[in-house]
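What follows is run-v5.cif (mmCIF, C-alpha atoms).
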data_query
#
loop_
_atom_site.group_PDB
_atom_site.id
_atom_site.type_symbol
_atom_site.label_atom_id
_atom_site.label_comp_id
_atom_site.auth_asym_id
_atom_site.auth_seq_id
_atom_site.Cartn_x
_atom_site.Cartn_y
_atom_site.Cartn_z
ATOM 1 C CA ALA A 1 0.000 0.000 0.000
ATOM 2 C CA GLN A 2 1.099 3.542 -0.661
ATOM 3 C CA SER A 3 1.075 6.337 1.876
ATOM 4 C CA VAL A 4 2.464 9.830 2.252
ATOM 5 C CA THR A 5 3.466 11.599 5.436
ATOM 6 C CA GLN A 6 3.985 15.324 5.563
ATOM 7 C CA LEU A 7 5.874 15.878 8.749
ATOM 8 C CA ASP A 8 4.817 19.467 9.424
ATOM 9 C CA SER A 9 1.213 20.637 9.416
ATOM 10 C CA GLN A 10 2.246 24.297 9.574
ATOM 11 C CA VAL A 11 5.471 26.095 8.717
ATOM 12 C CA PRO A 12 5.810 29.792 9.589
ATOM 13 C CA VAL A 13 8.688 31.614 7.946
ATOM 14 C CA PHE A 14 9.799 35.172 7.339
ATOM 15 C CA GLU A 15 9.894 36.650 3.866
ATOM 16 C CA GLU A 16 13.167 36.025 1.970
ATOM 17 C CA ALA A 17 14.123 33.170 4.302
ATOM 18 C CA PRO A 18 14.696 29.649 2.968
ATOM 19 C CA VAL A 19 12.102 26.955 3.557
ATOM 20 C CA GLU A 20 11.904 23.167 3.447
ATOM 21 C CA LEU A 21 8.630 21.250 3.520
ATOM 22 C CA ARG A 22 9.169 17.621 4.390
ATOM 23 C CA CYS A 23 7.530 14.631 2.752
ATOM 24 C CA ASN A 24 8.090 10.905 3.273
ATOM 25 C CA TYR A 25 6.372 8.154 1.354
ATOM 26 C CA SER A 26 5.981 4.419 1.544
ATOM 27 C CA SER A 27 5.464 2.134 -1.397
ATOM 28 C CA SER A 28 6.503 -1.357 -2.281
ATOM 29 C CA VAL A 29 7.051 -0.499 -5.931
ATOM 30 C CA SER A 30 8.653 2.279 -7.895
ATOM 31 C CA VAL A 31 6.875 5.581 -7.514
ATOM 32 C CA TYR A 32 6.128 8.856 -9.140
ATOM 33 C CA LEU A 33 6.126 11.817 -6.766
ATOM 34 C CA PHE A 34 4.349 15.143 -6.997
ATOM 35 C CA TRP A 35 4.048 18.419 -5.126
ATOM 36 C CA TYR A 36 0.886 20.471 -5.537
ATOM 37 C CA VAL A 37 0.088 23.936 -4.185
ATOM 38 C CA GLN A 38 -3.343 25.195 -3.213
ATOM 39 C CA TYR A 39 -3.826 28.937 -2.833
ATOM 40 C CA PRO A 40 -6.802 30.106 -0.730
ATOM 41 C CA ASN A 41 -10.149 29.246 -2.316
ATOM 42 C CA GLN A 42 -8.517 27.726 -5.376
ATOM 43 C CA GLY A 43 -7.920 24.267 -6.790
ATOM 44 C CA LEU A 44 -4.606 22.415 -6.768
ATOM 45 C CA GLN A 45 -1.802 23.413 -9.098
ATOM 46 C CA LEU A 46 1.169 21.203 -9.920
ATOM 47 C CA LEU A 47 4.483 22.602 -8.660
ATOM 48 C CA LEU A 48 6.753 19.801 -9.825
ATOM 49 C CA LYS A 49 6.999 16.053 -10.258
ATOM 50 C CA TYR A 50 9.603 13.315 -10.154
ATOM 51 C CA LEU A 51 9.293 10.511 -12.688
ATOM 52 C CA SER A 52 12.839 9.238 -13.195
ATOM 53 C CA GLY A 53 16.356 10.422 -13.893
ATOM 54 C CA SER A 54 17.908 13.283 -11.964
ATOM 55 C CA THR A 55 16.877 13.233 -8.332
ATOM 56 C CA LEU A 56 16.768 17.035 -8.156
ATOM 57 C CA VAL A 57 13.609 18.355 -9.750
ATOM 58 C CA LYS A 58 12.954 22.003 -10.455
ATOM 59 C CA GLY A 59 9.438 23.371 -10.589
ATOM 60 C CA ILE A 60 7.537 26.591 -10.959
ATOM 61 C CA ASN A 61 7.886 29.675 -8.762
ATOM 62 C CA GLY A 62 11.476 28.824 -7.807
ATOM 63 C CA PHE A 63 10.654 25.603 -5.943
ATOM 64 C CA GLU A 64 12.708 22.435 -6.188
ATOM 65 C CA ALA A 65 12.547 19.000 -4.606
ATOM 66 C CA GLU A 66 14.983 16.162 -4.135
ATOM 67 C CA PHE A 67 14.050 12.508 -4.432
ATOM 68 C CA ASN A 68 15.920 10.347 -1.938
ATOM 69 C CA LYS A 69 15.151 6.675 -2.472
ATOM 70 C CA SER A 70 17.115 5.379 0.512
ATOM 71 C CA GLN A 71 15.274 7.732 2.871
ATOM 72 C CA THR A 72 11.981 7.495 0.953
ATOM 73 C CA SER A 73 11.738 11.260 1.008
ATOM 74 C CA PHE A 74 10.795 14.003 -1.428
ATOM 75 C CA HIS A 75 11.334 17.282 0.416
ATOM 76 C CA LEU A 76 10.348 20.580 -1.173
ATOM 77 C CA ARG A 77 12.649 23.583 -0.892
ATOM 78 C CA LYS A 78 12.832 27.226 -1.863
ATOM 79 C CA PRO A 79 15.890 29.369 -1.118
ATOM 80 C CA SER A 80 13.956 32.600 -0.585
ATOM 81 C CA VAL A 81 10.203 32.769 -0.056
ATOM 82 C CA HIS A 82 7.773 35.562 -0.850
ATOM 83 C CA ILE A 83 4.537 36.590 0.794
ATOM 84 C CA SER A 84 2.755 35.223 -2.273
ATOM 85 C CA ASP A 85 4.024 31.704 -1.455
ATOM 86 C CA THR A 86 1.595 31.547 1.455
ATOM 87 C CA ALA A 87 -0.547 28.511 0.629
ATOM 88 C CA GLU A 88 -1.185 24.854 1.405
ATOM 89 C CA TYR A 89 1.307 22.415 -0.092
ATOM 90 C CA PHE A 90 0.498 18.781 -0.770
ATOM 91 C CA CYS A 91 2.896 15.949 -1.461
ATOM 92 C CA ALA A 92 1.472 13.032 -3.447
ATOM 93 C CA VAL A 93 2.566 9.618 -4.679
ATOM 94 C CA ARG A 94 1.391 7.383 -7.479
ATOM 95 C CA SER A 95 2.708 4.010 -8.581
ATOM 96 C CA GLY A 96 2.475 2.370 -11.946
ATOM 97 C CA GLY A 97 -0.587 0.152 -12.002
ATOM 98 C CA TYR A 98 -2.373 2.190 -9.339
ATOM 99 C CA ASN A 99 -5.155 4.490 -10.465
ATOM 100 C CA LYS A 100 -5.177 6.958 -7.648
ATOM 101 C CA LEU A 101 -2.913 9.753 -6.532
ATOM 102 C CA ILE A 102 -2.384 9.450 -2.764
ATOM 103 C CA PHE A 103 -1.960 12.736 -0.947
ATOM 104 C CA GLY A 104 -0.346 13.725 2.292
ATOM 105 C CA ALA A 105 -2.303 15.767 4.818
ATOM 106 C CA GLY A 106 -0.783 19.011 3.596
ATOM 107 C CA THR A 107 1.548 21.649 5.018
ATOM 108 C CA ARG A 108 0.352 25.188 5.488
ATOM 109 C CA LEU A 109 3.162 27.604 4.646
ATOM 110 C CA ALA A 110 2.690 31.031 6.191
ATOM 111 C CA VAL A 111 5.149 33.685 5.023
ATOM 112 C CA HIS A 112 5.364 36.723 7.270
ATOM 113 C CA PRO A 113 6.813 40.152 6.407
ATOM 114 C CA GLY B 1 -12.233 26.528 -21.371
ATOM 115 C CA ALA B 2 -8.775 25.081 -21.086
ATOM 116 C CA GLY B 3 -9.036 23.719 -17.563
ATOM 117 C CA VAL B 4 -11.238 21.367 -15.533
ATOM 118 C CA SER B 5 -14.583 23.023 -14.950
ATOM 119 C CA GLN B 6 -16.829 22.253 -11.980
ATOM 120 C CA SER B 7 -20.334 23.366 -11.089
ATOM 121 C CA PRO B 8 -21.808 24.585 -8.899
ATOM 122 C CA SER B 9 -18.908 26.341 -7.229
ATOM 123 C CA ASN B 10 -20.936 26.594 -4.017
ATOM 124 C CA LYS B 11 -23.944 24.604 -2.853
ATOM 125 C CA VAL B 12 -25.859 24.837 0.411
ATOM 126 C CA THR B 13 -28.370 22.065 0.938
ATOM 127 C CA GLU B 14 -30.566 20.794 3.700
ATOM 128 C CA LYS B 15 -29.798 17.540 5.433
ATOM 129 C CA GLY B 16 -31.555 14.677 3.713
ATOM 130 C CA LYS B 17 -31.676 16.260 0.272
ATOM 131 C CA ASP B 18 -29.873 14.883 -2.785
ATOM 132 C CA VAL B 19 -27.185 16.903 -4.574
ATOM 133 C CA GLU B 20 -25.475 16.596 -7.946
ATOM 134 C CA LEU B 21 -22.049 17.983 -8.687
ATOM 135 C CA ARG B 22 -20.846 18.307 -12.259
ATOM 136 C CA CYS B 23 -17.371 18.081 -13.767
ATOM 137 C CA ASP B 24 -16.182 18.926 -17.289
ATOM 138 C CA PRO B 25 -12.672 17.525 -17.759
ATOM 139 C CA ILE B 26 -10.043 18.947 -20.060
ATOM 140 C CA SER B 27 -10.906 18.105 -23.652
ATOM 141 C CA GLY B 28 -9.301 14.842 -24.767
ATOM 142 C CA HIS B 29 -8.515 13.630 -21.252
ATOM 143 C CA THR B 30 -9.651 10.069 -20.790
ATOM 144 C CA ALA B 31 -8.935 9.765 -17.059
ATOM 145 C CA LEU B 32 -11.214 11.520 -14.554
ATOM 146 C CA TYR B 33 -11.023 11.561 -10.765
ATOM 147 C CA TRP B 34 -13.144 12.780 -7.890
ATOM 148 C CA TYR B 35 -11.581 13.714 -4.569
ATOM 149 C CA ARG B 36 -13.060 15.084 -1.361
ATOM 150 C CA GLN B 37 -11.287 17.678 0.752
ATOM 151 C CA SER B 38 -12.627 18.064 4.264
ATOM 152 C CA LEU B 39 -11.389 20.484 6.889
ATOM 153 C CA GLY B 40 -8.471 18.840 8.589
ATOM 154 C CA GLN B 41 -8.861 15.626 6.587
ATOM 155 C CA GLY B 42 -6.674 16.232 3.586
ATOM 156 C CA LEU B 43 -7.565 14.943 0.138
ATOM 157 C CA GLU B 44 -9.541 11.732 -0.019
ATOM 158 C CA PHE B 45 -9.842 9.727 -3.248
ATOM 159 C CA LEU B 46 -13.437 8.889 -4.179
ATOM 160 C CA ILE B 47 -13.645 7.429 -7.689
ATOM 161 C CA TYR B 48 -11.685 7.102 -10.933
ATOM 162 C CA PHE B 49 -12.889 6.726 -14.525
ATOM 163 C CA GLN B 50 -10.650 5.662 -17.403
ATOM 164 C CA GLY B 51 -12.152 5.559 -20.875
ATOM 165 C CA ASN B 52 -14.738 2.812 -21.183
ATOM 166 C CA SER B 53 -13.283 0.699 -18.382
ATOM 167 C CA ALA B 54 -15.223 -0.066 -15.217
ATOM 168 C CA PRO B 55 -14.641 2.763 -12.730
ATOM 169 C CA ASP B 56 -12.571 2.320 -9.585
ATOM 170 C CA LYS B 57 -15.142 3.057 -6.880
ATOM 171 C CA SER B 58 -12.963 1.949 -3.994
ATOM 172 C CA GLY B 59 -12.945 5.377 -2.326
ATOM 173 C CA LEU B 60 -16.682 6.037 -2.172
ATOM 174 C CA PRO B 61 -17.486 6.344 1.550
ATOM 175 C CA SER B 62 -21.006 4.898 1.451
ATOM 176 C CA ASP B 63 -23.740 3.754 -0.918
ATOM 177 C CA ARG B 64 -25.215 7.257 -0.743
ATOM 178 C CA PHE B 65 -22.405 8.323 -3.071
ATOM 179 C CA SER B 66 -22.419 7.493 -6.764
ATOM 180 C CA ALA B 67 -20.879 8.889 -9.914
ATOM 181 C CA GLU B 68 -21.264 8.448 -13.609
ATOM 182 C CA ARG B 69 -19.457 9.610 -16.670
ATOM 183 C CA THR B 70 -21.442 10.003 -19.843
ATOM 184 C CA GLY B 71 -19.878 9.724 -23.271
ATOM 185 C CA GLY B 72 -16.420 9.550 -21.770
ATOM 186 C CA SER B 73 -16.490 13.244 -20.935
ATOM 187 C CA VAL B 74 -18.736 14.976 -18.391
ATOM 188 C CA SER B 75 -19.075 13.388 -14.969
ATOM 189 C CA THR B 76 -21.687 13.811 -12.263
ATOM 190 C CA LEU B 77 -21.148 12.984 -8.599
ATOM 191 C CA THR B 78 -24.416 12.373 -6.760
ATOM 192 C CA ILE B 79 -24.848 12.357 -3.006
ATOM 193 C CA GLN B 80 -28.183 11.055 -1.800
ATOM 194 C CA ARG B 81 -29.764 11.888 1.555
ATOM 195 C CA THR B 82 -26.965 14.292 2.441
ATOM 196 C CA GLN B 83 -25.586 14.352 5.969
ATOM 197 C CA GLN B 84 -23.700 17.121 7.740
ATOM 198 C CA GLU B 85 -20.491 15.108 7.534
ATOM 199 C CA ASP B 86 -20.735 15.330 3.746
ATOM 200 C CA SER B 87 -19.858 19.038 3.968
ATOM 201 C CA ALA B 88 -16.573 19.405 2.109
ATOM 202 C CA VAL B 89 -14.976 20.601 -1.090
ATOM 203 C CA TYR B 90 -15.412 18.091 -3.895
ATOM 204 C CA LEU B 91 -12.561 18.295 -6.382
ATOM 205 C CA CYS B 92 -12.642 16.882 -9.871
ATOM 206 C CA ALA B 93 -9.468 16.209 -11.823
ATOM 207 C CA SER B 94 -8.470 14.813 -15.181
ATOM 208 C CA SER B 95 -5.375 13.522 -16.941
ATOM 209 C CA LYS B 96 -4.505 12.618 -20.498
ATOM 210 C CA ASP B 97 -4.652 8.882 -19.819
ATOM 211 C CA ARG B 98 -3.857 6.332 -17.145
ATOM 212 C CA VAL B 99 -0.065 6.634 -17.418
ATOM 213 C CA ALA B 100 1.065 7.112 -13.837
ATOM 214 C CA GLY B 101 3.517 9.883 -14.590
ATOM 215 C CA ASN B 102 1.040 12.112 -16.362
ATOM 216 C CA THR B 103 0.043 15.302 -14.631
ATOM 217 C CA ILE B 104 -3.388 15.313 -13.029
ATOM 218 C CA TYR B 105 -5.133 18.679 -13.412
ATOM 219 C CA PHE B 106 -7.630 19.804 -10.803
ATOM 220 C CA GLY B 107 -10.692 21.983 -10.986
ATOM 221 C CA GLU B 108 -11.426 24.654 -8.401
ATOM 222 C CA GLY B 109 -13.895 22.464 -6.596
ATOM 223 C CA SER B 110 -17.511 22.480 -5.535
ATOM 224 C CA TRP B 111 -17.989 23.673 -1.960
ATOM 225 C CA LEU B 112 -20.832 21.701 -0.385
ATOM 226 C CA THR B 113 -22.401 22.770 2.886
ATOM 227 C CA VAL B 114 -25.100 20.588 4.446
ATOM 228 C CA VAL B 115 -27.199 22.407 7.033
#
Mind turning this structure into structure tokens?
Amino acid sequence: AQSVTQLDSQVPVFEEAPVELRCNYSSSVSVYLFWYVQYPNQGLQLLLKYLSGSTLVKGINGFEAEFNKSQTSFHLRKPSVHISDTAEYFCAVRSGGYNKLIFGAGTRLAVHP
Amino acid sequence: GAGVSQSPSNKVTEKGKDVELRCDPISGHTALYWYRQSLGQGLEFLIYFQGNSAPDKSGLPSDRFSAERTGGSVSTLTIQRTQQEDSAVYLCASSKDRVAGNTIYFGEGSWLTVV
């Protein structure tokens, strides 16, 4: 069975500071990993995804994530956040042969001036 | 439009009434998903349609929930005899096909409040 754990429910950070949102997954087969962002009162938007190849994946809005197979992690990072990055971030996993995308519980990123 | 379209965007209904939520996927997308997002509950998979194959209904929480997809395009999620615990945002999503690495695109959701 697949599962995703987002280790922090809320992350407060000051503007222009770096941030890391943590995500661990479990799966018995090879996986595809995704990060989505949800701005207030909006749907989910894909930030980035890992399919294969380079373990460092770059996405939109300056975000990047690193796939670590040995630690079963896919942490999301940004070197300098903006107020506009305030949103809910969801990590998700999907395996070949499985229909559904399994989401973590989400991490609320609050960027303060 | 270019994205996944859902209607209504907001629905307030009385307990015990039936509701229908509609989803128009991105044109040409054969895979369609319904998810439920409840306060503090994260995103819960409900049902998945792929082309003409039998849907994966494994996430439907009770027999009050059903969904259909007509003509391989528009989908309707129906909740019968609504309960207060059904209050949530219902998100529809679509992807090009069932390939696991394909991006799944989400609509903005239908906010359901049962009073």
I'd like the interatomic distance between CA of Leu48 in chain A and CA of Ser27 in chain B, to a tenth of an Å. 22.5 Å
Taking all atoms listed in the file into account, what are the residues of chain B at most 10 Å from chain A, put as a count of residues only? 38
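Take CA of Val19 in chain B and CA of Arg81 in chain B: the distance between them is 8.3 Å.
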Radius query 7 Å about (3.3, 29.2, 1.2), atoms used: only C-alpha atoms, as JSON, numbers by chain: {"A": [84, 85, 86, 87, 88, 108, 109, 110, 111]}
Leaving out Asn68 in chain A and any residue of its chain fewer than 3 positions from it, which residues lie within 12 Å of it when counting only C-alpha atoms, given as a ChimeraX atom specification? /A:22-25,31,33,50,52-57,65,71-76
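Relative to CA of Tyr36 in chain A, CA of Leu21 in chain A is found at 11.9 Å.
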With all atoms listed in the file as the counted atoms, please give the residues lying no more than 9 Å from His29 in chain B, apart from itself and same-chain residues fewer than 2 positions off, as a list in words. Pro25, Ile26, Ser27, Ala31, Leu32, Gly51, Gly72, Ser73, Ser94, Ser95, Lys96 and Asp97 of chain B
Report as a ChimeraX atom specification the full result of the PyMOL selection byres ((chain B and resi 74) around 8) when it is applied to this structure. /B:22-25,69-73,75-76
Would you export the selected residues with C-alpha atoms as a CSV table (one decimal), in the coordinates of the input, please?
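Generated output (part_27.csv):
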chain,number,residue,atom,x,y,z
B,22,ARG,CA,-20.8,18.3,-12.3
B,23,CYS,CA,-17.4,18.1,-13.8
B,24,ASP,CA,-16.2,18.9,-17.3
B,25,PRO,CA,-12.7,17.5,-17.8
B,69,ARG,CA,-19.5,9.6,-16.7
B,70,THR,CA,-21.4,10.0,-19.8
B,71,GLY,CA,-19.9,9.7,-23.3
B,72,GLY,CA,-16.4,9.6,-21.8
B,73,SER,CA,-16.5,13.2,-20.9
B,75,SER,CA,-19.1,13.4,-15.0
B,76,THR,CA,-21.7,13.8,-12.3
Carefully work through the PyMOL selection byres ((chain B and resi 20) around 6) for this structure and note down the residues it includes, as number ranges by chain. B: 19, 21, 77-78
Need the shell around Lys15 in chain B: protein/DNA/RNA residues with any atom at most 7 Å away, counting only C-alpha atoms. Skip same-chain ones fewer than 6 positions apart. Format as a ChimeraX atom specification? /B:81-84,114-115
Generate a file of the selected residues that holds C-alpha atoms, formatted as a compact mmCIF listing (two decimals), keeping the file's coordinate frame.
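The resulting part26.txt:
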# COMPACT_ATOMS: atom_id res chain seq x y z
CA ARG B 81 -29.76 11.89 1.56
CA THR B 82 -26.96 14.29 2.44
CA GLN B 83 -25.59 14.35 5.97
CA GLN B 84 -23.70 17.12 7.74
CA VAL B 114 -25.10 20.59 4.45
CA VAL B 115 -27.20 22.41 7.03
Give as a VMD selection string the residues that the PyMOL selection byres ((chain A and resi 14) around 8) matches when applied to the coordinates above. chain A and resid 12 to 13 15 to 17 81 111 to 113
Selection file, C-alpha atoms, as a compact mmCIF listing (two decimals), in the coordinates of the input:
# COMPACT_ATOMS: atom_id res chain seq x y z
CA PRO A 12 5.81 29.79 9.59
CA VAL A 13 8.69 31.61 7.95
CA GLU A 15 9.89 36.65 3.87
CA GLU A 16 13.17 36.02 1.97
CA ALA A 17 14.12 33.17 4.30
CA VAL A 81 10.20 32.77 -0.06
CA VAL A 111 5.15 33.68 5.02
CA HIS A 112 5.36 36.72 7.27
CA PRO A 113 6.81 40.15 6.41
Grab all the atoms of range 71-78 of chain B that the file lists, wrap them in a box along x, y and z, add 3 Å per side, and give me centre plus edge lengths in Å (one decimal) as AutoDock Vina command-line options.
--center_x -20.4 --center_y 12.3 --center_z -15.0 --size_x 14.0 --size_y 11.4 --size_z 22.5
